[in-house]
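Source file: structure_29.pdb; contents: PDB, C-alpha atoms.
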```pdb
MODEL        1
ATOM      1  CA  MET A  29     -27.948  13.978  22.388
ATOM      2  CA  LEU A  30     -29.029  16.470  19.743
ATOM      3  CA  TYR A  31     -27.102  19.657  19.060
ATOM      4  CA  ILE A  32     -28.613  22.429  16.930
ATOM      5  CA  ILE A  33     -25.743  24.749  16.104
ATOM      6  CA  GLY A  34     -25.763  28.146  14.412
ATOM      7  CA  LEU A  35     -23.050  28.753  11.815
ATOM      8  CA  GLY A  36     -23.291  32.517  11.907
ATOM      9  CA  LEU A  37     -23.003  34.492   8.690
ATOM     10  CA  GLY A  38     -19.451  33.972   7.474
ATOM     11  CA  PRO A  39     -17.448  30.795   6.912
ATOM     12  CA  LYS A  40     -15.844  31.213  10.350
ATOM     13  CA  GLY A  41     -18.981  32.363  12.158
ATOM     14  CA  ILE A  42     -19.512  29.234  14.249
ATOM     15  CA  THR A  43     -18.591  29.735  17.907
ATOM     16  CA  GLN A  44     -15.856  27.908  19.798
ATOM     17  CA  GLU A  45     -18.608  26.231  21.823
ATOM     18  CA  GLY A  46     -20.118  24.946  18.588
ATOM     19  CA  LEU A  47     -16.803  23.553  17.365
ATOM     20  CA  GLU A  48     -16.222  21.791  20.675
ATOM     21  CA  ALA A  49     -19.676  20.188  20.488
ATOM     22  CA  LEU A  50     -18.966  18.848  16.995
ATOM     23  CA  LYS A  51     -15.996  16.885  18.304
ATOM     24  CA  THR A  52     -18.358  14.673  20.303
ATOM     25  CA  CYS A  53     -20.842  14.030  17.484
ATOM     26  CA  LYS A  54     -20.980  10.833  15.465
ATOM     27  CA  LYS A  55     -23.100  12.454  12.746
ATOM     28  CA  ILE A  56     -23.154  16.054  11.542
ATOM     29  CA  TYR A  57     -25.920  17.330   9.267
ATOM     30  CA  LEU A  58     -26.092  20.657   7.432
ATOM     31  CA  GLU A  59     -29.555  22.107   6.843
ATOM     32  CA  ASN A  60     -29.426  23.295   3.233
ATOM     33  CA  TYR A  61     -32.927  24.378   2.211
ATOM     34  CA  THR A  62     -33.651  27.693   3.941
ATOM     35  CA  VAL A  63     -30.847  29.883   2.581
ATOM     36  CA  ASP A  64     -28.538  30.408  -0.391
ATOM     37  CA  PHE A  65     -25.177  29.814   1.266
ATOM     38  CA  PRO A  66     -22.606  32.576   0.584
ATOM     39  CA  TYR A  67     -19.782  30.044   0.861
ATOM     40  CA  THR A  68     -19.219  26.388   0.016
ATOM     41  CA  ILE A  69     -20.008  23.401   2.203
ATOM     42  CA  GLY A  70     -16.318  22.637   1.928
ATOM     43  CA  ALA A  71     -15.605  25.641   4.142
ATOM     44  CA  VAL A  72     -17.767  24.092   6.875
ATOM     45  CA  LYS A  73     -16.014  20.746   6.489
ATOM     46  CA  VAL A  74     -12.649  22.408   7.015
ATOM     47  CA  LEU A  75     -13.836  24.026  10.236
ATOM     48  CA  ALA A  76     -15.495  20.909  11.586
ATOM     49  CA  GLU A  77     -12.732  18.591  10.342
ATOM     50  CA  ARG A  78     -15.469  16.028   9.854
ATOM     51  CA  LYS A  79     -17.813  14.648   7.225
ATOM     52  CA  ILE A  80     -20.831  16.885   6.700
ATOM     53  CA  ILE A  81     -24.120  15.346   5.508
ATOM     54  CA  PRO A  82     -26.505  17.672   3.603
ATOM     55  CA  ALA A  83     -30.042  17.597   5.049
ATOM     56  CA  ASP A  84     -32.964  18.707   2.898
ATOM     57  CA  ARG A  85     -36.419  19.758   4.072
ATOM     58  CA  GLU A  86     -37.771  16.204   4.040
ATOM     59  CA  LYS A  87     -34.901  14.947   6.187
ATOM     60  CA  VAL A  88     -35.253  17.691   8.787
ATOM     61  CA  GLU A  89     -39.034  17.885   8.964
ATOM     62  CA  SER A  90     -39.373  14.096   9.270
ATOM     63  CA  CYS A  91     -37.523  14.350  12.612
ATOM     64  CA  GLU A  92     -35.326  11.392  11.606
ATOM     65  CA  ILE A  93     -32.420  13.309  13.109
ATOM     66  CA  VAL A  94     -34.161  13.282  16.495
ATOM     67  CA  ASP A  95     -34.591   9.503  16.282
ATOM     68  CA  GLU A  96     -30.876   9.122  15.588
ATOM     69  CA  ALA A  97     -30.062  11.281  18.601
ATOM     70  CA  LYS A  98     -31.636   8.616  20.841
ATOM     71  CA  LYS A  99     -28.586   6.429  20.224
ATOM     72  CA  LEU A 100     -25.708   8.811  19.480
ATOM     73  CA  ASP A 101     -24.667  12.442  19.555
ATOM     74  CA  VAL A 102     -25.968  14.203  16.444
ATOM     75  CA  ALA A 103     -25.566  17.809  15.273
ATOM     76  CA  LEU A 104     -27.642  19.874  12.881
ATOM     77  CA  LEU A 105     -25.765  22.878  11.523
ATOM     78  CA  VAL A 106     -27.920  25.855  10.564
ATOM     79  CA  TYR A 107     -26.861  28.996   8.695
ATOM     80  CA  GLY A 108     -27.135  32.091  10.872
ATOM     81  CA  SER A 109     -29.049  31.623  14.099
ATOM     82  CA  PRO A 110     -30.218  28.037  14.790
ATOM     83  CA  LEU A 111     -33.831  28.773  15.724
ATOM     84  CA  PHE A 112     -34.636  31.332  13.049
ATOM     85  CA  ALA A 113     -36.745  28.797  11.135
ATOM     86  CA  THR A 114     -39.771  27.327  12.938
ATOM     87  CA  THR A 115     -38.795  23.822  11.791
ATOM     88  CA  HIS A 116     -35.759  23.893  14.024
ATOM     89  CA  MET A 117     -37.850  24.737  17.096
ATOM     90  CA  THR A 118     -40.012  21.747  16.213
ATOM     91  CA  LEU A 119     -36.901  19.572  16.504
ATOM     92  CA  VAL A 120     -36.217  20.958  19.970
ATOM     93  CA  ASN A 121     -39.770  20.210  21.099
ATOM     94  CA  GLU A 122     -39.689  16.730  19.568
ATOM     95  CA  ALA A 123     -36.422  15.938  21.326
ATOM     96  CA  LYS A 124     -37.767  17.082  24.691
ATOM     97  CA  ALA A 125     -40.970  15.081  24.206
ATOM     98  CA  SER A 126     -38.867  11.995  23.451
ATOM     99  CA  GLY A 127     -36.681  12.471  26.500
ATOM    100  CA  ILE A 128     -33.616  13.324  24.416
ATOM    101  CA  LYS A 129     -31.165  15.948  25.604
ATOM    102  CA  CYS A 130     -31.002  18.894  23.245
ATOM    103  CA  LYS A 131     -28.515  21.745  23.250
ATOM    104  CA  VAL A 132     -28.943  24.879  21.123
ATOM    105  CA  ILE A 133     -25.727  26.784  20.418
ATOM    106  CA  TYR A 134     -26.330  30.263  19.055
ATOM    107  CA  SER A 135     -24.489  32.464  16.590
ATOM    108  CA  ALA A 136     -25.140  35.687  14.688
ATOM    109  CA  SER A 137     -28.076  36.083  12.326
ATOM    110  CA  VAL A 138     -29.134  38.604   9.717
ATOM    111  CA  LEU A 139     -31.173  40.271  12.467
ATOM    112  CA  ASP A 140     -27.918  41.263  14.128
ATOM    113  CA  ALA A 141     -26.095  42.228  10.946
ATOM    114  CA  VAL A 142     -28.696  44.648   9.547
ATOM    115  CA  ALA A 143     -27.711  47.028  12.339
ATOM    116  CA  GLU A 144     -24.717  47.856  10.136
ATOM    117  CA  THR A 145     -27.097  49.904   8.000
ATOM    118  CA  GLY A 146     -27.337  52.341  10.893
ATOM    119  CA  LEU A 147     -31.012  51.604  11.467
ATOM    120  CA  GLN A 148     -31.836  51.033  15.117
ATOM    121  CA  LEU A 149     -32.913  47.450  15.716
ATOM    122  CA  TYR A 150     -35.656  48.286  18.192
ATOM    123  CA  LYS A 151     -37.362  50.357  15.493
ATOM    124  CA  PHE A 152     -37.955  47.369  13.219
ATOM    125  CA  GLY A 153     -41.484  46.012  12.966
ATOM    126  CA  LYS A 154     -42.676  42.563  11.951
ATOM    127  CA  ILE A 155     -40.424  40.603   9.613
ATOM    128  CA  THR A 156     -41.838  39.408   6.328
ATOM    129  CA  SER A 157     -40.575  37.542   3.261
ATOM    130  CA  ILE A 158     -40.975  37.509  -0.507
ATOM    131  CA  PRO A 159     -41.669  34.025  -1.909
ATOM    132  CA  GLY A 160     -40.704  33.180  -5.458
ATOM    133  CA  TRP A 161     -43.710  33.562  -7.732
ATOM    134  CA  LYS A 162     -44.763  30.718  -9.983
ATOM    135  CA  THR A 163     -47.540  30.137 -12.507
ATOM    136  CA  ASN A 164     -50.877  30.654 -10.719
ATOM    137  CA  TYR A 165     -49.020  31.365  -7.463
ATOM    138  CA  GLU A 166     -48.242  35.019  -6.846
ATOM    139  CA  PRO A 167     -48.747  35.697  -3.113
ATOM    140  CA  THR A 168     -48.664  39.350  -2.059
ATOM    141  CA  SER A 169     -49.541  39.136   1.636
ATOM    142  CA  PHE A 170     -46.071  40.373   2.575
ATOM    143  CA  ILE A 171     -47.225  43.854   1.575
ATOM    144  CA  GLU A 172     -49.812  43.828   4.370
ATOM    145  CA  THR A 173     -47.017  43.361   6.901
ATOM    146  CA  ILE A 174     -45.110  46.293   5.429
ATOM    147  CA  LYS A 175     -48.216  48.498   5.612
ATOM    148  CA  ASP A 176     -48.743  47.503   9.252
ATOM    149  CA  ASN A 177     -45.157  48.484  10.014
ATOM    150  CA  GLN A 178     -45.522  51.812   8.270
ATOM    151  CA  LYS A 179     -48.559  52.648  10.390
ATOM    152  CA  ILE A 180     -46.258  52.710  13.421
ATOM    153  CA  ASN A 181     -43.290  54.268  11.548
ATOM    154  CA  ALA A 182     -41.315  51.028  11.864
ATOM    155  CA  HIS A 183     -38.662  49.684   9.515
ATOM    156  CA  SER A 184     -39.563  46.584   7.475
ATOM    157  CA  LEU A 185     -37.073  43.743   7.062
ATOM    158  CA  ILE A 186     -37.935  41.591   4.055
ATOM    159  CA  LEU A 187     -36.288  38.206   3.682
ATOM    160  CA  VAL A 188     -36.104  36.640   0.235
ATOM    161  CA  ASP A 189     -36.986  33.108  -0.830
ATOM    162  CA  ILE A 190     -34.089  30.798  -1.639
ATOM    163  CA  GLY A 191     -33.167  30.920  -5.323
ATOM    164  CA  LEU A 192     -34.946  34.232  -6.017
ATOM    165  CA  ASP A 193     -32.702  36.649  -7.931
ATOM    166  CA  PHE A 194     -32.791  40.317  -6.965
ATOM    167  CA  PRO A 195     -34.304  41.684 -10.227
ATOM    168  CA  ASP A 196     -37.200  39.238  -9.833
ATOM    169  CA  ALA A 197     -37.678  40.057  -6.156
ATOM    170  CA  LEU A 198     -37.695  43.790  -6.929
ATOM    171  CA  LYS A 199     -40.219  43.303  -9.730
ATOM    172  CA  GLN A 200     -42.515  41.300  -7.450
ATOM    173  CA  LEU A 201     -42.208  43.946  -4.742
ATOM    174  CA  GLU A 202     -43.135  46.736  -7.154
ATOM    175  CA  ILE A 203     -46.111  44.843  -8.598
ATOM    176  CA  ALA A 204     -47.448  43.910  -5.154
ATOM    177  CA  ALA A 205     -46.946  47.448  -3.817
ATOM    178  CA  LYS A 206     -48.909  48.877  -6.750
ATOM    179  CA  ASP A 207     -51.763  46.406  -6.145
ATOM    180  CA  PHE A 208     -51.953  47.519  -2.504
ATOM    181  CA  ASN A 209     -51.483  51.229  -3.249
ATOM    182  CA  LEU A 210     -48.297  51.216  -1.204
ATOM    183  CA  LYS A 211     -45.814  53.967  -2.041
ATOM    184  CA  ILE A 212     -42.165  52.996  -1.666
ATOM    185  CA  ASP A 213     -39.550  55.720  -2.076
ATOM    186  CA  LYS A 214     -36.247  54.207  -1.027
ATOM    187  CA  LEU A 215     -34.901  50.737  -0.351
ATOM    188  CA  ILE A 216     -31.900  49.256   1.396
ATOM    189  CA  VAL A 217     -30.431  46.056  -0.009
ATOM    190  CA  CYS A 218     -27.981  44.055   2.101
ATOM    191  CA  GLN A 219     -26.027  41.286   0.382
ATOM    192  CA  THR A 220     -23.978  38.513   2.032
ATOM    193  CA  LEU A 221     -23.676  40.311   5.350
ATOM    194  CA  GLY A 222     -20.851  39.056   7.538
ATOM    195  CA  THR A 223     -18.704  37.926   4.583
ATOM    196  CA  LYS A 224     -15.946  39.480   2.467
ATOM    197  CA  THR A 225     -18.457  40.264  -0.282
ATOM    198  CA  GLU A 226     -20.964  42.079   1.925
ATOM    199  CA  LYS A 227     -22.493  45.227   0.509
ATOM    200  CA  ILE A 228     -25.191  47.655   1.613
ATOM    201  CA  ILE A 229     -26.981  49.706  -1.054
ATOM    202  CA  TYR A 230     -29.360  52.593  -0.313
ATOM    203  CA  ARG A 231     -31.179  54.030  -3.320
ATOM    204  CA  ASP A 232     -34.506  55.164  -4.720
ATOM    205  CA  ILE A 233     -36.531  52.159  -5.830
ATOM    206  CA  GLU A 234     -36.174  53.221  -9.486
ATOM    207  CA  GLN A 235     -32.370  53.301  -9.160
ATOM    208  CA  MET A 236     -32.386  49.814  -7.646
ATOM    209  CA  ARG A 237     -33.324  48.394 -11.043
ATOM    210  CA  GLU A 238     -29.720  49.014 -12.118
ATOM    211  CA  PHE A 239     -28.388  46.462  -9.633
ATOM    212  CA  THR A 240     -28.649  43.126 -11.393
ATOM    213  CA  GLY A 241     -25.667  41.416  -9.772
ATOM    214  CA  VAL A 242     -26.741  41.374  -6.126
ATOM    215  CA  LEU A 243     -25.251  38.296  -4.491
ATOM    216  CA  LYS A 244     -27.212  35.783  -2.417
ATOM    217  CA  PRO A 245     -28.222  35.674   0.309
ATOM    218  CA  TYR A 246     -29.572  39.190   0.455
ATOM    219  CA  CYS A 247     -32.391  40.967   2.226
ATOM    220  CA  ILE A 248     -34.373  44.121   1.548
ATOM    221  CA  ILE A 249     -35.256  46.836   4.032
ATOM    222  CA  ILE A 250     -37.933  49.476   3.606
ATOM    223  CA  PRO A 251     -37.028  52.151   6.159
ATOM    224  CA  GLY A 252     -39.738  53.745   8.236
ATOM    225  CA  LYS A 253     -39.465  57.102   9.928
ATOM    226  CA  MET A 254     -35.792  57.654  10.627
ATOM    227  CA  HIS A 255     -33.876  59.440  13.367
ATOM    228  CA  PHE A 256     -31.293  61.887  12.026
ATOM    229  CA  ALA A 257     -28.530  59.606  13.334
ATOM    230  CA  GLU A 258     -29.899  56.748  11.183
ATOM    231  CA  GLU A 259     -30.022  59.009   8.139
ATOM    232  CA  GLU A 260     -26.399  60.071   8.678
ATOM    233  CA  VAL A 261     -25.167  56.477   8.575
ATOM    234  CA  LEU A 262     -27.301  55.575   5.552
ATOM    235  CA  LYS A 263     -25.756  58.394   3.535
ATOM    236  CA  ASN A 264     -22.562  56.334   3.430
ATOM    237  CA  PHE A 265     -24.332  53.694   1.371
ATOM    238  CA  GLN A 266     -25.807  55.918  -1.340
TER     239      GLN A 266
ENDMDL
END
```

Output the file's structure as structure tokens, nothing else.
Amino acid sequence: MLYIIGLGLGPKGITQEGLEALKTCKKIYLENYTVDFPYTIGAVKVLAERKIIPADREKVESCEIVDEAKKLDVALLVYGSPLFATTHMTLVNEAKASGIKCKVIYSASVLDAVAETGLQLYKFGKITSIPGWKTNYEPTSFIETIKDNQKINAHSLILVDIGLDFPDALKQLEIAAKDFNLKIDKLIVCQTLGTKTEKIIYRDIEQMREFTGVLKPYCIIIPGKMHFAEEEVLKNFQ
């Protein structure tokens, strides 16, 4: 049997159901390529009381884990919510196609935690992400998603590529916005939500340049048209 288990956001975010499932597993993998973990793998080992095997993109996308689940109970631990990344849904489909039982055990994701900003979740538009730019690779299509959201007065949640520091992400955002003639007044930055080091910052985009020590993982929100109740909460983070 294959278990795909969400770890939630903090080191103790896994559910009791998830912990119980781990007790039956002969192998436990930790997907480690989609997020900058805000805590050590050792913290997961303590919770699981078992050996944890890091699983990189090649390991997960090859579906080797599904093949192993034909013979024994196997778990894949995923930061946040287990099906946030499309790769993990591929594992579910592959397991079903192979006649292997698959159980998904959910936990909190960043999509839940951003509600702490005071922004109403149903007013968010399409999610987008900023990839790390490299030589001859500077994609800016994420700006198109933001513009689409702004057309309907929706908030834009921007996820950030693993390893991308905040000053670099902000610089890329400003360059891309200028290329697309997109005016951005204020930003919300949310760092390590659900942990002891969580912080929410709400500032003008120019003031955001002062924040060089934003911890990973973090996300960026460009607010759309806000209700006065949303604005009242956001004032606490200025």

Residues within 9 Å of Leu58 (chain A), all atoms listed in the file, excluding chain neighbours under 2 positions, as a PyMOL selection string: chain A and resi 56+60+69+80-84+103-107

Write out as a tab-separated table a residue-level contact list of region 215-259 of chain A versus region 131-138 of chain A with cut-off 9 Å: for each qualifying residue the closest pair of atoms and the distance in Å to one decimal, counting only C-alpha atoms, rows sorted by chain and residue number upward.
```
residue	atom	partner	partner_atom	distance
A:Leu221	CA	A:Val138	CA	7.2
A:Gly222	CA	A:Val138	CA	8.6
A:Cys247	CA	A:Val138	CA	8.5
```

Interatomic distance, CA of Thr173 (chain A) to CA of Gly153 (chain A) (Å, one decimal):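 So the two atoms, CA of Thr173 (chain A) and CA of Gly153 (chain A), lie 8.6 Å apart.
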
Top pick for closest residue to Val188 (chain A), considering A:Leu147, A:Val63, A:Thr163, A:Ala76 and counting all atoms listed in the file: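 Looking at the shortest contact to Val188 (chain A), the residue is A:Val63.
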
From A:Ile229, A:Leu30, A:Ala49, A:Ala197, residue lying nearest Ser126 (chain A) [all atoms listed in the file]: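 Ranked by minimum distance to Ser126 (chain A), first place goes to A:Leu30.
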
Taking all atoms listed in the file into account, produce a table as a Markdown table in which each residue of region 112-165 of chain A with an atom at most 8 Å from an atom of region 86-95 of chain A appears once, together with its shortest atom pair and the distance in Å to one decimal, ordered by chain and rising number.
```
| residue | atom | partner | partner_atom | distance |
| --- | --- | --- | --- | --- |
| A:Thr115 | CA | A:Glu89 | CA | 6.6 |
| A:Leu119 | CA | A:Cys91 | CA | 6.5 |
| A:Glu122 | CA | A:Val94 | CA | 7.2 |
| A:Ala123 | CA | A:Val94 | CA | 6.0 |
| A:Ile128 | CA | A:Val94 | CA | 7.9 |
```

Residue IDs satisfying the PyMOL selection byres ((chain A and resi 171) around 12), as an NGL selection string: :A and (154-159 or 167-170 or 172-178 or 184-186 or 200-212 or 250)

Pick from A:Phe152, A:Tyr230, A:Phe65, A:Trp161, whichever lies nearest to Leu262 (chain A) using all atoms listed in the file: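 Nearest candidate to Leu262 (chain A) out of A:Phe152, A:Tyr230, A:Phe65, A:Trp161: A:Tyr230.
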
Pairwise distance for CA of His255 (chain A) and CA of His183 (chain A), rounded to one decimal in Å: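 Result for CA of His255 (chain A) versus CA of His183 (chain A): 11.5 Å, one decimal.
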
Two-atom distance - CA of Glu45 (chain A), CA of Leu187 (chain A) (Å):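 If I compute the distance from CA of Glu45 (chain A) to CA of Leu187 (chain A), I get 28.0 Å.
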
Test item: residues at most 8 Å from Leu75 (chain A), only C-alpha atoms, excluding those fewer than 3 positions along its chain, as a VMD selection string: chain A and resid 40 47 71 to 72

For Thr223 (chain A), the nearest of the candidates A:Cys130, A:Leu100, A:Leu198, A:Ala141, counting all atoms listed in the file: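 Under the stated criterion, the closest residue is A:Ala141.
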
Which centre and which edge lengths, in Å to one decimal, describe the axis-aligned box that holds all listed atoms of region 124-133 of chain A after 5 Å is added on each side, as JSON?
```
{"center_x": -33.3, "center_y": 19.4, "center_z": 23.5, "size_x": 25.2, "size_y": 24.8, "size_z": 16.1}
```

Who sits within 10 Å of Cys218 (chain A), all atoms listed in the file, same chain under 2 positions skipped, as number ranges by chain: A: 138, 141-142, 144-145, 215-216, 220-221, 226-230, 242-249

Proximity to Lys55 (chain A) - best of A:Asp189, A:Asp140, A:Glu238, A:Glu96, all atoms listed in the file: A:Glu96

Evaluate the PyMOL selection byres ((chain A and resi 101) around 6) and report residues as a VMD selection string: chain A and resid 29 to 30 53 to 54 97 100 102

Residue members of the PyMOL selection byres ((chain A and resi 35) around 6) in the file shown, as a list in words: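 When the PyMOL selection byres ((chain A and resi 35) around 6) is applied to the shown file, the picked residues are Gly34, Gly36, Gly41, Ile42, Val106, Tyr107 and Gly108 of chain A.
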
Nearest-residue call for Ala182 (chain A), choices A:Met236, A:Val74, A:Gly160, A:Pro251, using all atoms listed in the file: A:Pro251
